[in-house]
>>> print(open('coords-v9.txt').read())   # compact mmCIF, C-alpha atoms
# COMPACT_ATOMS: atom_id res chain seq x y z
CA MET A 1 16.34 10.81 25.70
CA SER A 2 15.40 7.35 26.98
CA VAL A 3 12.57 4.81 26.78
CA VAL A 4 10.75 3.08 29.60
CA ILE A 5 10.79 -0.72 29.72
CA LYS A 6 7.24 -2.03 30.07
CA LYS A 7 7.93 -5.76 30.40
CA VAL A 8 10.86 -8.11 30.82
CA ILE A 9 10.42 -11.60 29.35
CA PRO A 10 11.09 -14.27 32.02
CA GLY A 11 14.31 -16.17 31.37
CA SER A 12 15.54 -13.60 28.84
CA PRO A 13 19.05 -12.06 28.97
CA ALA A 14 17.52 -8.89 30.42
CA ASP A 15 15.73 -10.86 33.13
CA LYS A 16 18.91 -12.71 34.02
CA ALA A 17 20.71 -9.38 34.23
CA GLY A 18 18.17 -8.21 36.82
CA ILE A 19 16.46 -5.57 34.70
CA LYS A 20 12.97 -4.72 35.96
CA PRO A 21 9.86 -3.23 34.30
CA GLY A 22 9.75 0.54 34.73
CA THR A 23 13.50 0.88 34.24
CA GLN A 24 14.60 3.52 31.75
CA LEU A 25 16.70 2.22 28.88
CA ILE A 26 19.17 5.02 28.19
CA SER A 27 21.89 3.39 26.10
CA ILE A 28 23.39 0.11 24.91
CA ASP A 29 27.19 -0.09 24.87
CA GLY A 30 27.26 3.68 25.26
CA CYS A 31 24.98 4.29 22.25
CA PRO A 32 21.84 6.34 23.06
CA ILE A 33 18.50 4.54 22.58
CA ASN A 34 15.65 6.77 21.43
CA ASP A 35 13.40 4.36 19.58
CA VAL A 36 13.01 0.92 18.03
CA LEU A 37 15.59 1.49 15.29
CA ASP A 38 18.30 2.32 17.82
CA TYR A 39 17.28 -0.70 19.86
CA MET A 40 17.34 -3.06 16.87
CA PHE A 41 20.65 -1.73 15.62
CA TYR A 42 22.60 -1.72 18.87
CA ALA A 43 21.12 -4.79 20.57
CA ASP A 44 22.98 -7.74 19.06
CA ASP A 45 20.43 -10.29 20.29
CA ASP A 46 16.86 -10.26 21.54
CA MET A 47 17.31 -8.93 25.06
CA GLY A 48 13.75 -9.80 26.08
CA LEU A 49 12.45 -6.27 26.57
CA GLU A 50 9.01 -4.94 25.66
CA PHE A 51 7.93 -1.31 25.46
CA ASP A 52 4.68 0.69 25.49
CA THR A 53 4.54 1.05 21.72
CA PHE A 54 5.98 -0.74 18.74
CA LEU A 55 8.11 2.29 17.82
CA MET A 56 9.06 2.96 21.46
CA ASP A 57 8.03 6.49 20.53
CA LYS A 58 5.11 8.38 18.94
CA LYS A 59 4.42 8.14 15.22
CA ARG A 60 5.60 11.16 13.25
CA HIS A 61 2.81 13.12 11.62
CA CYS A 62 2.95 14.28 8.02
CA GLY A 63 3.51 18.03 7.66
CA ASN A 64 2.54 18.24 3.99
CA ALA A 65 -0.67 19.40 2.34
CA CYS A 66 -0.50 17.34 -0.83
CA ILE A 67 -3.06 18.36 -3.43
CA PHE A 68 -3.87 14.67 -3.99
CA CYS A 69 -3.90 13.48 -0.37
CA PHE A 70 -6.45 10.67 -0.02
CA ILE A 71 -6.99 11.30 3.70
CA GLU A 72 -8.12 14.86 2.95
CA GLN A 73 -10.82 13.29 0.74
CA LEU A 74 -12.40 11.25 3.53
CA PRO A 75 -15.86 12.24 4.74
CA LYS A 76 -16.35 13.45 8.29
CA GLY A 77 -17.45 11.10 11.05
CA MET A 78 -15.23 8.11 10.34
CA ARG A 79 -13.08 6.54 13.07
CA GLU A 80 -10.32 8.83 14.26
CA SER A 81 -7.41 6.57 13.28
CA LEU A 82 -8.27 6.95 9.57
CA TYR A 83 -7.44 10.65 9.65
CA PHE A 84 -3.88 10.24 10.91
CA LYS A 85 -1.27 10.96 8.22
CA ASP A 86 2.05 9.35 9.07
CA ASP A 87 5.37 10.31 7.51
CA ASP A 88 7.74 8.24 9.62
CA SER A 89 11.10 7.02 8.31
CA ARG A 90 11.11 4.21 10.88
CA LEU A 91 7.87 2.79 9.50
CA SER A 92 9.39 2.99 6.04
CA PHE A 93 12.03 0.48 7.07
CA LEU A 94 9.90 -1.62 9.42
CA GLN A 95 6.59 -1.77 7.54
CA GLY A 96 7.31 -0.52 4.04
CA ASN A 97 5.51 2.82 4.45
CA TYR A 98 6.45 5.63 2.07
CA ILE A 99 7.93 8.87 3.38
CA THR A 100 8.32 12.29 1.78
CA LEU A 101 11.60 13.36 3.48
CA THR A 102 10.14 16.78 4.38
CA ASN A 103 10.20 16.16 8.14
CA LEU A 104 13.55 14.36 8.22
CA THR A 105 16.20 16.11 10.32
CA GLU A 106 19.92 15.99 9.64
CA SER A 107 20.33 13.55 12.51
CA ASP A 108 17.57 11.35 11.03
CA ALA A 109 19.37 11.30 7.69
CA ASP A 110 22.71 10.63 9.39
CA ARG A 111 21.23 7.64 11.18
CA ILE A 112 19.77 6.16 7.99
CA VAL A 113 23.15 6.42 6.31
CA LYS A 114 24.94 4.97 9.33
CA MET A 115 22.53 2.07 9.72
CA ARG A 116 22.22 1.48 5.96
CA THR A 117 18.45 1.46 6.41
CA PRO A 118 16.45 0.92 3.17
CA VAL A 119 13.80 3.60 2.60
CA ASN A 120 10.66 3.96 0.52
CA ILE A 121 10.22 7.52 -0.75
CA SER A 122 7.21 9.37 -2.12
CA VAL A 123 9.02 11.48 -4.71
CA HIS A 124 6.22 12.50 -7.13
CA THR A 125 8.62 14.74 -9.08
CA THR A 126 12.28 15.76 -9.04
CA ASN A 127 11.36 19.29 -10.13
CA PRO A 128 11.84 21.21 -6.85
CA ASP A 129 9.29 23.94 -7.59
CA LEU A 130 6.69 21.49 -8.81
CA ARG A 131 7.26 19.28 -5.76
CA VAL A 132 6.48 22.27 -3.53
CA LYS A 133 3.23 22.79 -5.44
CA LEU A 134 2.25 19.12 -5.33
CA MET A 135 3.01 18.68 -1.65
CA GLY A 136 1.99 22.07 -0.30
CA ASN A 137 5.19 22.32 1.70
CA PRO A 138 7.99 24.88 1.10
CA LYS A 139 10.49 22.23 2.26
CA ALA A 140 9.45 19.76 -0.41
CA GLY A 141 11.92 20.92 -3.06
CA GLU A 142 14.84 21.34 -0.67
CA SER A 143 14.29 17.90 0.84
CA LEU A 144 15.21 16.28 -2.49
CA LYS A 145 18.80 16.89 -1.41
CA ILE A 146 18.31 14.14 1.18
CA LEU A 147 17.35 11.72 -1.60
CA TYR A 148 20.52 12.66 -3.49
CA ARG A 149 22.55 12.14 -0.32
CA PHE A 150 21.05 8.67 0.15
CA ALA A 151 21.79 7.86 -3.50
CA LYS A 152 25.41 8.92 -3.10
CA ALA A 153 25.70 6.81 0.06
CA GLY A 154 24.22 3.78 -1.73
CA ILE A 155 21.10 3.56 0.43
CA SER A 156 18.55 1.21 -1.17
CA MET A 157 15.43 3.12 -2.22
CA ASN A 158 12.04 2.31 -3.70
CA CYS A 159 10.26 5.37 -5.05
CA GLN A 160 6.66 6.16 -5.86
CA LEU A 161 5.20 8.84 -8.09
CA VAL A 162 1.54 9.72 -7.58
CA LEU A 163 0.70 11.16 -10.98
CA CYS A 164 -1.88 13.86 -11.65
CA PRO A 165 -2.97 14.67 -15.21
CA ASP A 166 -1.46 17.87 -16.65
CA ILE A 167 0.72 18.36 -13.56
CA ASN A 168 3.50 15.78 -13.14
CA ASP A 169 2.91 13.48 -16.10
CA GLY A 170 4.16 13.99 -19.68
CA ASP A 171 7.50 15.83 -19.94
CA GLU A 172 7.70 16.22 -16.16
CA LEU A 173 7.38 12.46 -15.74
CA THR A 174 10.13 11.88 -18.30
CA ARG A 175 12.40 14.30 -16.43
CA THR A 176 11.72 12.62 -13.09
CA LEU A 177 12.31 9.10 -14.38
CA LYS A 178 15.55 10.07 -16.14
CA GLU A 179 16.92 11.44 -12.89
CA LEU A 180 15.76 8.62 -10.62
CA VAL A 181 16.92 5.74 -12.82
CA SER A 182 20.37 7.30 -12.96
CA PHE A 183 20.83 6.45 -9.28
CA GLU A 184 22.11 2.91 -8.90
CA SER A 185 20.63 2.50 -5.43
CA VAL A 186 17.09 3.28 -6.64
CA GLU A 187 15.72 -0.25 -6.85
CA SER A 188 12.29 0.48 -8.32
CA ILE A 189 9.89 3.28 -9.22
CA ALA A 190 6.09 3.00 -9.22
CA CYS A 191 3.85 5.25 -11.31
CA VAL A 192 0.48 5.40 -9.53
CA PRO A 193 -2.58 7.37 -10.72
CA VAL A 194 -4.12 9.89 -8.35
CA GLY A 195 -7.06 8.45 -6.42
CA LEU A 196 -10.09 10.73 -6.19
CA THR A 197 -13.18 10.35 -4.03
CA LYS A 198 -16.44 12.27 -4.28
CA PHE A 199 -15.53 14.23 -1.13
CA ARG A 200 -13.29 16.86 -2.78
CA GLY A 201 -15.31 19.96 -2.06
CA GLY A 202 -12.97 22.93 -1.56
CA LEU A 203 -9.86 20.96 -2.54
CA TYR A 204 -7.49 21.51 -5.47
CA LYS A 205 -9.26 20.69 -8.74
CA LEU A 206 -7.99 17.37 -10.03
CA ARG A 207 -9.37 14.83 -12.48
CA ASN A 208 -8.81 11.21 -13.41
CA PHE A 209 -6.64 10.08 -16.31
CA THR A 210 -8.30 9.57 -19.68
CA GLU A 211 -7.70 6.41 -21.70
CA ALA A 212 -5.19 8.21 -23.97
CA GLU A 213 -3.37 9.81 -21.02
CA ALA A 214 -3.05 6.50 -19.20
CA ALA A 215 -1.63 4.89 -22.34
CA ALA A 216 0.86 7.77 -22.64
CA VAL A 217 2.11 7.17 -19.08
CA ILE A 218 2.67 3.49 -19.88
CA GLU A 219 4.56 4.46 -23.03
CA ILE A 220 6.87 6.79 -21.12
CA ALA A 221 7.48 4.25 -18.37
CA GLY A 222 8.19 1.59 -20.98
CA ASN A 223 11.08 3.52 -22.50
CA ARG A 224 14.00 1.10 -22.75
CA ASP A 225 16.11 3.48 -20.65
CA PHE A 226 13.62 3.19 -17.79
CA CYS A 227 11.83 -0.13 -18.03
CA SER A 228 14.16 -2.20 -15.84
CA LYS A 229 13.23 -0.08 -12.81
CA VAL A 230 9.93 1.61 -13.66
CA PHE A 231 6.53 -0.03 -13.21
CA CYS A 232 3.01 1.27 -13.74
CA ALA A 233 0.13 0.48 -11.42
CA ASP A 234 -2.40 -1.98 -12.83
CA GLU A 235 -4.95 0.81 -12.88
CA PHE A 236 -3.07 2.56 -15.69
CA TYR A 237 -3.42 -0.55 -17.88
CA LEU A 238 -7.11 -0.84 -17.06
CA THR A 239 -7.77 2.84 -17.79
CA GLY A 240 -5.65 2.77 -20.93
CA LYS A 241 -7.35 -0.47 -22.07
CA MET A 242 -3.98 -2.08 -22.58
CA LYS A 243 -2.90 -5.66 -22.01
CA MET A 244 -1.49 -6.38 -18.57
CA PRO A 245 2.20 -7.39 -18.52
CA GLU A 246 3.07 -10.99 -17.79
CA TYR A 247 4.26 -12.19 -14.38
CA GLU A 248 7.93 -12.08 -15.40
CA HIS A 249 7.73 -8.34 -16.11
CA TYR A 250 7.59 -7.53 -12.40
CA GLY A 251 10.68 -9.42 -11.21
CA THR A 252 10.47 -9.63 -7.43
CA PHE A 253 7.30 -7.48 -7.34
CA PRO A 254 8.97 -4.66 -5.38
CA GLN A 255 5.96 -2.35 -5.76
CA TYR A 256 3.18 -4.88 -5.16
CA GLU A 257 1.66 -2.90 -2.27
CA ASN A 258 1.34 0.08 -4.63
CA GLY A 259 -1.05 -1.88 -6.84
CA VAL A 260 1.73 -2.79 -9.26
CA GLY A 261 1.55 -6.30 -10.69
CA MET A 262 -1.39 -7.46 -8.60
CA TRP A 263 -3.25 -8.83 -11.62
CA ALA A 264 -0.24 -10.82 -12.84
CA HIS A 265 0.53 -12.12 -9.35
CA PHE A 266 -3.10 -13.11 -8.71
CA LYS A 267 -3.48 -14.82 -12.08
CA SER A 268 -0.22 -16.74 -11.67
CA GLY A 269 -1.18 -17.91 -8.19
CA MET A 270 -4.54 -19.19 -9.40
CA GLN A 271 -3.08 -20.95 -12.42
CA ASN A 272 -0.30 -22.59 -10.40
CA ALA A 273 -2.84 -23.87 -7.88
CA GLU A 274 -4.99 -25.27 -10.68
CA ARG A 275 -2.04 -27.10 -12.26
CA ALA A 276 -1.03 -28.53 -8.90
CA ASN A 277 -4.52 -29.97 -8.52
CA ASN A 278 -4.85 -31.17 -12.14
CA ASN A 279 -7.51 -28.53 -12.83
CA LYS A 280 -10.11 -30.54 -10.94
CA SER A 281 -12.96 -28.86 -9.11
CA THR A 282 -14.14 -30.89 -6.15
CA SER A 283 -16.47 -28.46 -4.37
CA LYS A 284 -20.23 -28.91 -4.61
CA LYS A 285 -20.87 -25.85 -2.48
CA LYS A 286 -22.35 -22.80 -4.18
CA ILE A 287 -20.02 -19.89 -3.47
CA SER A 288 -20.09 -16.16 -4.19
CA VAL A 289 -17.10 -13.83 -4.46
CA VAL A 290 -17.11 -10.10 -3.74
CA THR A 291 -14.63 -7.89 -5.57
CA GLY A 292 -14.11 -4.28 -6.61
CA THR A 293 -15.00 -3.25 -10.14
CA ALA A 294 -11.33 -3.07 -11.18
CA ALA A 295 -10.62 -6.75 -10.49
CA PHE A 296 -14.00 -8.04 -11.64
CA PRO A 297 -12.96 -8.95 -15.21
CA LEU A 298 -9.96 -10.94 -13.99
CA ILE A 299 -11.80 -12.75 -11.18
CA SER A 300 -14.64 -13.57 -13.57
CA GLU A 301 -12.20 -14.98 -16.13
CA LEU A 302 -10.35 -17.11 -13.58
CA THR A 303 -13.49 -18.52 -11.96
CA GLU A 304 -15.39 -19.15 -15.20
CA PRO A 305 -14.58 -22.91 -15.19
CA PHE A 306 -16.05 -23.22 -11.69
CA LYS A 307 -19.78 -23.56 -12.22
CA ASN A 308 -20.40 -23.37 -8.48
CA VAL A 309 -19.04 -19.80 -8.25
CA ASN A 310 -20.70 -16.41 -8.82
CA VAL A 311 -18.64 -13.21 -8.84
CA PHE A 312 -20.22 -9.89 -7.85
CA PRO A 313 -18.54 -6.53 -8.53
CA ILE A 314 -19.32 -3.97 -5.84
CA ARG A 315 -19.61 -0.38 -7.01
CA ASN A 316 -18.07 2.04 -4.52
CA ASP A 317 -20.99 4.32 -3.72
CA PHE A 318 -19.37 5.36 -0.45
CA PHE A 319 -16.27 7.02 -1.94
CA GLY A 320 -17.50 7.39 -5.52
CA GLU A 321 -17.42 5.16 -8.59
CA SER A 322 -13.90 6.21 -9.60
CA VAL A 323 -12.60 4.29 -6.56
CA THR A 324 -12.50 0.75 -7.91
CA VAL A 325 -10.17 -1.29 -5.68
CA SER A 326 -11.51 -3.96 -3.34
CA GLY A 327 -9.49 -2.72 -0.37
CA LEU A 328 -11.65 0.42 -0.14
CA LEU A 329 -15.04 -1.29 -0.22
CA THR A 330 -17.44 -0.69 2.64
CA GLY A 331 -19.77 -3.13 4.32
CA GLU A 332 -22.85 -1.03 3.63
CA ASP A 333 -22.13 -0.99 -0.12
CA ILE A 334 -21.77 -4.78 -0.07
CA ILE A 335 -25.03 -5.25 1.84
CA ARG A 336 -27.02 -2.76 -0.22
CA GLN A 337 -25.92 -4.11 -3.60
CA LEU A 338 -26.17 -7.81 -2.74
CA LEU A 339 -29.47 -7.72 -0.87
CA PRO A 340 -31.55 -7.84 -4.09
CA LEU A 341 -29.38 -10.79 -5.23
CA GLN A 342 -29.68 -12.68 -1.97
CA ASN A 343 -31.06 -15.83 -3.61
CA GLN A 344 -27.93 -16.05 -5.82
CA LEU A 345 -25.35 -15.93 -3.02
CA GLY A 346 -25.32 -19.63 -2.20
CA GLU A 347 -23.86 -21.01 1.00
CA GLU A 348 -20.75 -18.91 1.35
CA LEU A 349 -19.65 -15.36 0.51
CA LEU A 350 -15.90 -14.84 0.01
CA ILE A 351 -14.51 -11.40 0.89
CA GLY A 352 -10.87 -10.34 0.70
CA ARG A 353 -9.22 -9.88 4.07
CA ASN A 354 -7.72 -6.62 2.76
CA THR A 355 -11.14 -4.96 3.10
CA LEU A 356 -10.94 -5.12 6.91
CA ASN A 357 -8.73 -3.54 9.53
CA SER A 358 -7.05 -5.42 12.36
CA ASP A 359 -10.24 -5.12 14.42
CA GLY A 360 -12.29 -6.87 11.72
CA MET A 361 -14.13 -3.76 10.54
CA PHE A 362 -14.69 -2.26 7.13
CA LEU A 363 -13.94 1.43 6.56
CA ASP A 364 -17.51 2.29 7.56
CA ASP A 365 -17.17 0.20 10.76
CA THR A 366 -19.46 -2.54 9.45
CA THR A 367 -18.46 -6.04 10.58
CA THR A 368 -18.64 -9.38 8.79
CA ALA A 369 -21.21 -10.50 11.37
CA GLU A 370 -23.50 -7.66 10.25
CA ILE A 371 -23.10 -8.73 6.62
CA GLU A 372 -23.94 -12.32 7.53
CA SER A 373 -27.01 -11.19 9.41
CA ALA A 374 -28.23 -8.87 6.64
CA LEU A 375 -27.63 -11.28 3.74
CA GLY A 376 -28.24 -14.61 5.45
CA VAL A 377 -25.01 -16.13 4.20
CA VAL A 378 -21.78 -17.28 5.83
CA VAL A 379 -18.92 -14.85 5.19
CA LYS A 380 -15.46 -16.32 4.71
CA LEU A 381 -12.41 -14.05 4.65
CA ILE A 382 -9.57 -15.00 2.32
CA GLU A 383 -6.22 -13.48 1.46
CA PRO A 384 -6.42 -11.42 -1.74
CA ASP A 385 -4.32 -13.77 -3.89
CA GLY A 386 -4.93 -16.41 -6.51
CA ASP A 387 -3.96 -19.53 -4.62
CA ALA A 388 -6.15 -18.53 -1.66
CA LEU A 389 -9.13 -18.03 -3.97
CA TYR A 390 -8.51 -21.37 -5.64
CA SER A 391 -8.34 -23.15 -2.27
CA ALA A 392 -11.60 -21.52 -1.21
CA ILE A 393 -13.63 -22.44 -4.29
CA HIS A 394 -12.29 -25.74 -5.59
>>> encode(input="coords-v9.txt", output="structure tokens")
Amino acid sequence: MSVVIKKVIPGSPADKAGIKPGTQLISIDGCPINDVLDYMFYADDDMGLEFDTFLMDKKRHCGNACIFCFIEQLPKGMRESLYFKDDDSRLSFLQGNYITLTNLTESDADRIVKMRTPVNISVHTTNPDLRVKLMGNPKAGESLKILYRFAKAGISMNCQLVLCPDINDGDELTRTLKELVSFESVESIACVPVGLTKFRGGLYKLRNFTEAEAAAVIEIAGNRDFCSKVFCADEFYLTGKMKMPEYEHYGTFPQYENGVGMWAHFKSGMQNAERANNNKSTSKKKISVVTGTAAFPLISELTEPFKNVNVFPIRNDFFGESVTVSGLLTGEDIIRQLLPLQNQLGEELLIGRNTLNSDGMFLDDTTTAEIESALGVVVKLIEPDGDALYSAIH
């Protein structure tokens, strides 16, 4: 196999060597080049080559039918890219995506071991039969052997467990955690509650965690044999009505993108920014902040001293009220719920940048320009962290 060179950067080593666009890159120092990982591993320096795609290959599609798959819970008619389920080990290393191992070939596993590539793995359970049930793939149990091979080889791994009540929590969770923490190369494990939308017609019957069940998950994860590696998503603390851990609990925040430690990180960022500015508010501008219902209590608490700021929780009517994170808000929900409150919005409406894709659109393809037009207020996008919020409102 080979990849076609799309562009050669002028003045680069490749350009000086006379390589032209359209040339096929077959190997480097005799080592076959099939994709970006091969290229990065075998090219000692930046050769100045560009290719058609970031991966230099097509993304690998997920072959599972997980009973909790969020993409299967999307309504029809959304943009096509939202329905693509990737399960690509290269994106695990390059972008932090989680993979299930079920579509990994022996040669893929060999390469990861050879290159010492860190991987993020969606484990869910170490019970082979239960993993098959959860993931709807007969290979799901057998593919755990790849995880064990990586552990033996010392490959750094972050693991996630999407937990479903009465299925892989309780005793099954204890079993899984005991096994995973025994591997030295497992750096961290995230316990994440299943996310359910209102579009589950015809799908496996699942439910959300109760307050008592969420508290039980936190108790299991907090076992002193596990707690150095195991972290629960913030949502478990909110559901279980338990106090959020302090910033120090999360170490280097290895599972931040899984919703683990976001409250602590946000609160710390805001407080540090306040201390650096002697807690002085200088803004006279009246500002509004949009957030999901999960983060509303925290954002309200942190902005309470700022009398120029209003915080509005947006209920997720699009996906259903059980979806509470700001990253899954839609533009139409924001417009519909804020329109009756238009006279309270002030001069500027702050919205987290995590609500938009790279094209500047919400999940329902609404744009910030449409929100500005509908609500008559300037929309300002900010990073979803405490210091960014402080900078925007003080």
>>> closest_residue(input="coords-v9.txt", among="A:Phe253, A:Gly136, A:Cys232, A:Arg315", to="Glu187 of chain A", atoms="all atoms listed in the file")
A:Phe253
>>> residues_around(input="coords-v9.txt", residues="segment 167-175 of chain A", least_positions_apart="6", cutoff="10 Å", atoms="all atoms listed in the file", output="PyMOL selection string")
chain A and resi 124-127+130-131+133-134+161+191+193+206+213-214+216-217+220-221+223+226
>>> residues_around(input="coords-v9.txt", residues="segment 72-77 of chain A", least_positions_apart="2", cutoff="9 Å", atoms="only C-alpha atoms", output="MDAnalysis selection string")
chainID A and resid 65:70 79:80 82:83 196:201 203 319
>>> closest_residue(input="coords-v9.txt", among="A:Ile393, A:Leu177, A:Ile155, A:Ile28", to="Glu304 of chain A", atoms="only C-alpha atoms")
A:Ile393
>>> residues_around(input="coords-v9.txt", residues="Leu356 of chain A", least_positions_apart="3", cutoff="10 Å", atoms="only C-alpha atoms", output="CSV table (one decimal) with C-alpha atoms, in the frame of the given file")
chain,number,residue,atom,x,y,z
A,327,GLY,CA,-9.5,-2.7,-0.4
A,328,LEU,CA,-11.6,0.4,-0.1
A,329,LEU,CA,-15.0,-1.3,-0.2
A,330,THR,CA,-17.4,-0.7,2.6
A,331,GLY,CA,-19.8,-3.1,4.3
A,351,ILE,CA,-14.5,-11.4,0.9
A,352,GLY,CA,-10.9,-10.3,0.7
A,353,ARG,CA,-9.2,-9.9,4.1
A,359,ASP,CA,-10.2,-5.1,14.4
A,360,GLY,CA,-12.3,-6.9,11.7
A,361,MET,CA,-14.1,-3.8,10.5
A,362,PHE,CA,-14.7,-2.3,7.1
A,363,LEU,CA,-13.9,1.4,6.6
A,364,ASP,CA,-17.5,2.3,7.6
A,365,ASP,CA,-17.2,0.2,10.8
A,366,THR,CA,-19.5,-2.5,9.4
A,367,THR,CA,-18.5,-6.0,10.6
A,368,THR,CA,-18.6,-9.4,8.8
A,381,LEU,CA,-12.4,-14.0,4.6
>>> closest_residue(input="coords-v9.txt", among="A:Ala294, A:Leu339, A:Met78, A:Leu349", to="Asn310 of chain A", atoms="only C-alpha atoms")
A:Leu349
>>> atom_distance(input="coords-v9.txt", atom1="atom CA of Ile189 of chain A", atom2="atom CA of Val230 of chain A")
4.7 Å
>>> atom_distance(input="coords-v9.txt", atom1="atom CA of Lys152 of chain A", atom2="atom CA of Ala43 of chain A")
27.7 Å
>>> atom_distance(input="coords-v9.txt", atom1="atom CA of Val290 of chain A", atom2="atom CA of Phe236 of chain A")
22.4 Å
>>> closest_atom_pairs(input="coords-v9.txt", of="segment 144-251 of chain A", to="segment 99-113 of chain A", cutoff="8 Å", atoms="all atoms listed in the file", output="Markdown table")
| residue | atom | partner | partner_atom | distance |
| --- | --- | --- | --- | --- |
| A:Leu144 | CA | A:Leu101 | CA | 7.6 |
| A:Ile146 | CA | A:Leu101 | CA | 7.1 |
| A:Leu147 | CA | A:Leu101 | CA | 7.8 |
| A:Phe150 | CA | A:Val113 | CA | 6.9 |
| A:Ala153 | CA | A:Val113 | CA | 6.8 |
| A:Ile155 | CA | A:Val113 | CA | 6.9 |
>>> residues_around(input="coords-v9.txt", residues="Ala369 of chain A", least_positions_apart="3", cutoff="9 Å", atoms="all atoms listed in the file", output="ChimeraX atom specification")
/A:366,372-374,378-379
>>> closest_residue(input="coords-v9.txt", among="A:Val181, A:Ala151, A:Ile5, A:Val192", to="Pro165 of chain A", atoms="all atoms listed in the file")
A:Val192
>>> decode(input="coords-v9.txt", residues="segment 287-302 of chain A", atoms="N, CA and C atoms", output="PDB file, in the first residue's frame")
ATOM      1  N   ILE A 287     -24.309  41.415  31.158  1.00  0.00           N
ATOM      2  CA  ILE A 287     -23.951  40.215  30.403  1.00  0.00           C
ATOM      3  C   ILE A 287     -24.815  39.045  30.841  1.00  0.00           C
ATOM      4  N   SER A 288     -25.164  38.193  29.891  1.00  0.00           N
ATOM      5  CA  SER A 288     -25.886  36.955  30.192  1.00  0.00           C
ATOM      6  C   SER A 288     -25.030  35.755  29.806  1.00  0.00           C
ATOM      7  N   VAL A 289     -25.215  34.670  30.541  1.00  0.00           N
ATOM      8  CA  VAL A 289     -24.454  33.439  30.305  1.00  0.00           C
ATOM      9  C   VAL A 289     -25.436  32.300  30.076  1.00  0.00           C
ATOM     10  N   VAL A 290     -25.206  31.542  29.028  1.00  0.00           N
ATOM     11  CA  VAL A 290     -26.009  30.353  28.725  1.00  0.00           C
ATOM     12  C   VAL A 290     -25.251  29.117  29.206  1.00  0.00           C
ATOM     13  N   THR A 291     -25.959  28.213  29.860  1.00  0.00           N
ATOM     14  CA  THR A 291     -25.333  26.968  30.287  1.00  0.00           C
ATOM     15  C   THR A 291     -26.365  25.849  30.288  1.00  0.00           C
ATOM     16  N   GLY A 292     -25.887  24.607  30.339  1.00  0.00           N
ATOM     17  CA  GLY A 292     -26.782  23.470  30.499  1.00  0.00           C
ATOM     18  C   GLY A 292     -27.281  23.412  31.933  1.00  0.00           C
ATOM     19  N   THR A 293     -28.288  22.602  32.183  1.00  0.00           N
ATOM     20  CA  THR A 293     -28.857  22.537  33.526  1.00  0.00           C
ATOM     21  C   THR A 293     -27.890  21.905  34.527  1.00  0.00           C
ATOM     22  N   ALA A 294     -26.974  21.050  34.066  1.00  0.00           N
ATOM     23  CA  ALA A 294     -26.032  20.409  34.988  1.00  0.00           C
ATOM     24  C   ALA A 294     -25.084  21.424  35.615  1.00  0.00           C
ATOM     25  N   ALA A 295     -24.572  22.332  34.810  1.00  0.00           N
ATOM     26  CA  ALA A 295     -23.578  23.303  35.299  1.00  0.00           C
ATOM     27  C   ALA A 295     -24.202  24.553  35.894  1.00  0.00           C
ATOM     28  N   PHE A 296     -25.510  24.697  35.792  1.00  0.00           N
ATOM     29  CA  PHE A 296     -26.156  25.926  36.247  1.00  0.00           C
ATOM     30  C   PHE A 296     -25.871  26.274  37.714  1.00  0.00           C
ATOM     31  N   PRO A 297     -25.958  25.316  38.641  1.00  0.00           N
ATOM     32  CA  PRO A 297     -25.683  25.678  40.043  1.00  0.00           C
ATOM     33  C   PRO A 297     -24.277  26.227  40.250  1.00  0.00           C
ATOM     34  N   LEU A 298     -23.293  25.612  39.597  1.00  0.00           N
ATOM     35  CA  LEU A 298     -21.913  26.067  39.750  1.00  0.00           C
ATOM     36  C   LEU A 298     -21.706  27.445  39.133  1.00  0.00           C
ATOM     37  N   ILE A 299     -22.181  27.642  37.910  1.00  0.00           N
ATOM     38  CA  ILE A 299     -21.995  28.931  37.235  1.00  0.00           C
ATOM     39  C   ILE A 299     -22.705  30.032  38.012  1.00  0.00           C
ATOM     40  N   SER A 300     -23.884  29.713  38.535  1.00  0.00           N
ATOM     41  CA  SER A 300     -24.617  30.703  39.335  1.00  0.00           C
ATOM     42  C   SER A 300     -23.830  31.085  40.584  1.00  0.00           C
ATOM     43  N   GLU A 301     -23.268  30.082  41.253  1.00  0.00           N
ATOM     44  CA  GLU A 301     -22.481  30.336  42.467  1.00  0.00           C
ATOM     45  C   GLU A 301     -21.263  31.205  42.174  1.00  0.00           C
ATOM     46  N   LEU A 302     -20.560  30.888  41.098  1.00  0.00           N
ATOM     47  CA  LEU A 302     -19.322  31.595  40.776  1.00  0.00           C
ATOM     48  C   LEU A 302     -19.568  33.025  40.299  1.00  0.00           C
TER      49      LEU A 302
END
